[in-house]
Amino acid sequence: MEEKKSQSATKNPKKANLVDHHSIKHVLDESVTEIVTSRGYVEDVRMSNLRLVMGTVIIVIALFAQFYKKKFPENRDFLLLCILIIYVKEKNAILFTYPPKDSFTSTGLVVSSKLPRFSDLYTLEIASADPKSISANPPVQFTKSVTKWFTKDGILVEGLFWKDVEALINDYQKEPKKGK
């Protein structure tokens with residue numbers, strides 16, 4: 001595994017525009033996906049496909065709202081419905097997985113992240129895809145400054161980031177303490 005990390009770091013360093021928080025979040029999210037899938041979790045693309053379909057529906061709704069027969073004061077209820085549908089779509093999940101093949105758990109992971117605008121604090125959360133399952137562990141998260149993981153040139157220091165994300169995955173996979 002160490003060899004894989006060093007090869008990816010020397011082959012293709014990941015660079016972000018440090019003044020663009022979307023660029024930073026994208027680089028970090030892609031790295032998280034890489035790390036989680038390297039740990040044996042297979043990506044569940046059903047949710048990604050559902051998001052694409054929902055995005056298409058939202059575009060169609062926006063077109064209806066734009067070219068609706070009635071003008072603004074009369075179509076207010078219709079516009080509010082369109083806005084509500086668009087708002088419900090937004091979530092922070094970046095990765096859904098199936099459980100690992102040789103695992104006793106029956107649930108995959110939901111990995112979500114946040115990097116608020118004008119902030120350097122990146123929050124990464126790992127939770128069960130089915131929180132009501134008996135094999136679901138409690139969610140874990142960390143919040144750290146992105147300045148720890150990037151050089152002044154915007155290159156991601158993958159070794160440090162891998163350690164932090166792998167520690168979070170290990171925290172999630174720990175057996176929960178049971179009371180007597």
# chains A, B, ... in the order shown; residues from 1 in each chain; ligands from 1
$ residues_around --residues "Phe104 of chain A" --least-positions-apart "3" --cutoff "12 Å" --atoms "only C-alpha atoms" --output "number ranges by chain"
A: 99-101, 107-108, 134-136, 173, 175
$ closest_residue --among "A:Leu28, A:Ile59, A:Ala16, A:Ala129" --to "Phe161 of chain A" --atoms "only C-alpha atoms"
A:Leu28
$ select_by_dssp --residues "segment 37-159 of chain A" --states "alpha helix (DSSP H)" --output "VMD selection string"
chain A and resid 37 to 38 46 to 66 76 to 89 158 to 159
$ residues_around --residues "segment 29-32 of chain A" --least-positions-apart "5" --cutoff "10 Å" --atoms "only C-alpha atoms" --output "list in words"
Lys14, Ser23, Ile24, Thr37, Ser38, Ala93, Ile94, Leu95, Val111, Ser112, Ser113, Lys114, Leu124, Leu156, Glu158, Phe161, Trp162, Val165 and Glu166 of chain A
$ residues_around --residues "segment 141-145 of chain A" --least-positions-apart "6" --cutoff "10 Å" --atoms "only C-alpha atoms" --output "list in words"
Val111, Ser112, Ser113, Lys114, Leu115, Ser119, Asp120, Leu121, Tyr122, Thr123, Leu124, Glu125, Ile126, Ala127, Asp164, Val165, Ala167, Leu168, Ile169, Asp171 and Tyr172 of chain A
$ select_by_dssp --residues "segment 99-137 of chain A" --states "strand (DSSP E)" --output "JSON, numbers by chain"
{"A": [109, 110, 111, 112, 113, 114, 121, 122, 123, 124, 125, 126, 127, 128]}
$ closest_residue --among "A:Leu52, A:Tyr41, A:Lys163, A:Lys148" --to "Thr105 of chain A" --atoms "only C-alpha atoms"
A:Tyr41
$ closest_residue --among "A:Lys174, A:Ala62, A:Thr33, A:Asn92" --to "Leu79 of chain A" --atoms "only C-alpha atoms"
A:Ala62
$ closest_residue --among "A:Ser106, A:Asp77, A:Val157, A:Thr56" --to "Lys132 of chain A" --atoms "only C-alpha atoms"
A:Ser106
$ closest_residue --among "A:Lys152, A:Arg46, A:His26, A:His21" --to "Tyr98 of chain A" --atoms "only C-alpha atoms"
A:Arg46
$ atom_distance --atom1 "atom CA of Val45 of chain A" --atom2 "atom CA of Lys25 of chain A"
20.3 Å
$ atom_distance --atom1 "atom CA of Ser48 of chain A" --atom2 "atom CA of Phe96 of chain A"
8.4 Å
$ residues_around --residues "Ile61 of chain A" --least-positions-apart "2" --cutoff "12 Å" --atoms "only C-alpha atoms" --output "list in words"
Met54, Gly55, Thr56, Val57, Ile58, Ile59, Leu63, Phe64, Ala65, Gln66, Phe67, Tyr68, Phe78, Leu79, Leu80, Leu81, Cys82, Ile83, Leu84, Ile85 and Ile86 of chain A
$ write_last_selection --atoms "N, CA and C atoms" --output "compact mmCIF listing (two decimals), in the first residue's frame"
# COMPACT_ATOMS: atom_id res chain seq x y z
N MET A 54 -31.92 13.28 -11.21
CA MET A 54 -32.55 14.40 -10.48
C MET A 54 -32.09 15.74 -11.04
N GLY A 55 -30.81 15.84 -11.41
CA GLY A 55 -30.30 17.07 -12.01
C GLY A 55 -31.01 17.38 -13.32
N THR A 56 -31.24 16.35 -14.13
CA THR A 56 -31.95 16.53 -15.39
C THR A 56 -33.39 17.00 -15.13
N VAL A 57 -34.04 16.39 -14.16
CA VAL A 57 -35.41 16.79 -13.81
C VAL A 57 -35.43 18.23 -13.33
N ILE A 58 -34.44 18.62 -12.54
CA ILE A 58 -34.37 19.99 -12.04
C ILE A 58 -34.19 20.99 -13.18
N ILE A 59 -33.41 20.62 -14.18
CA ILE A 59 -33.22 21.49 -15.34
C ILE A 59 -34.55 21.65 -16.08
N LEU A 63 -36.69 25.07 -16.62
CA LEU A 63 -37.18 25.53 -17.91
C LEU A 63 -38.68 25.81 -17.86
N PHE A 64 -39.43 24.92 -17.19
CA PHE A 64 -40.86 25.18 -17.03
C PHE A 64 -41.09 26.46 -16.25
N ALA A 65 -40.31 26.67 -15.20
CA ALA A 65 -40.49 27.88 -14.39
C ALA A 65 -40.17 29.13 -15.21
N GLN A 66 -39.17 29.03 -16.07
CA GLN A 66 -38.77 30.18 -16.89
C GLN A 66 -39.84 30.53 -17.92
N PHE A 67 -40.39 29.52 -18.56
CA PHE A 67 -41.31 29.76 -19.67
C PHE A 67 -42.76 29.45 -19.32
N TYR A 68 -43.09 29.47 -18.05
CA TYR A 68 -44.46 29.22 -17.60
C TYR A 68 -45.38 30.33 -18.13
N PHE A 78 -45.95 28.16 -8.01
CA PHE A 78 -45.21 27.25 -8.87
C PHE A 78 -43.70 27.46 -8.71
N LEU A 79 -43.26 28.71 -8.65
CA LEU A 79 -41.84 29.00 -8.46
C LEU A 79 -41.34 28.51 -7.10
N LEU A 80 -42.14 28.67 -6.06
CA LEU A 80 -41.75 28.17 -4.75
C LEU A 80 -41.59 26.65 -4.75
N LEU A 81 -42.48 25.95 -5.44
CA LEU A 81 -42.36 24.50 -5.56
C LEU A 81 -41.06 24.12 -6.27
N CYS A 82 -40.74 24.83 -7.35
CA CYS A 82 -39.50 24.56 -8.09
C CYS A 82 -38.27 24.79 -7.20
N ILE A 83 -38.27 25.86 -6.44
CA ILE A 83 -37.15 26.16 -5.55
C ILE A 83 -37.02 25.10 -4.47
N LEU A 84 -38.14 24.64 -3.93
CA LEU A 84 -38.12 23.60 -2.90
C LEU A 84 -37.52 22.31 -3.45
N ILE A 85 -37.89 21.93 -4.65
CA ILE A 85 -37.35 20.71 -5.26
C ILE A 85 -35.84 20.85 -5.47
N ILE A 86 -35.40 21.99 -5.93
CA ILE A 86 -33.97 22.22 -6.15
C ILE A 86 -33.22 22.18 -4.82
$ closest_residue --among "A:Val60, A:Val27, A:Leu160, A:Arg39" --to "Lys15 of chain A" --atoms "only C-alpha atoms"
A:Val27
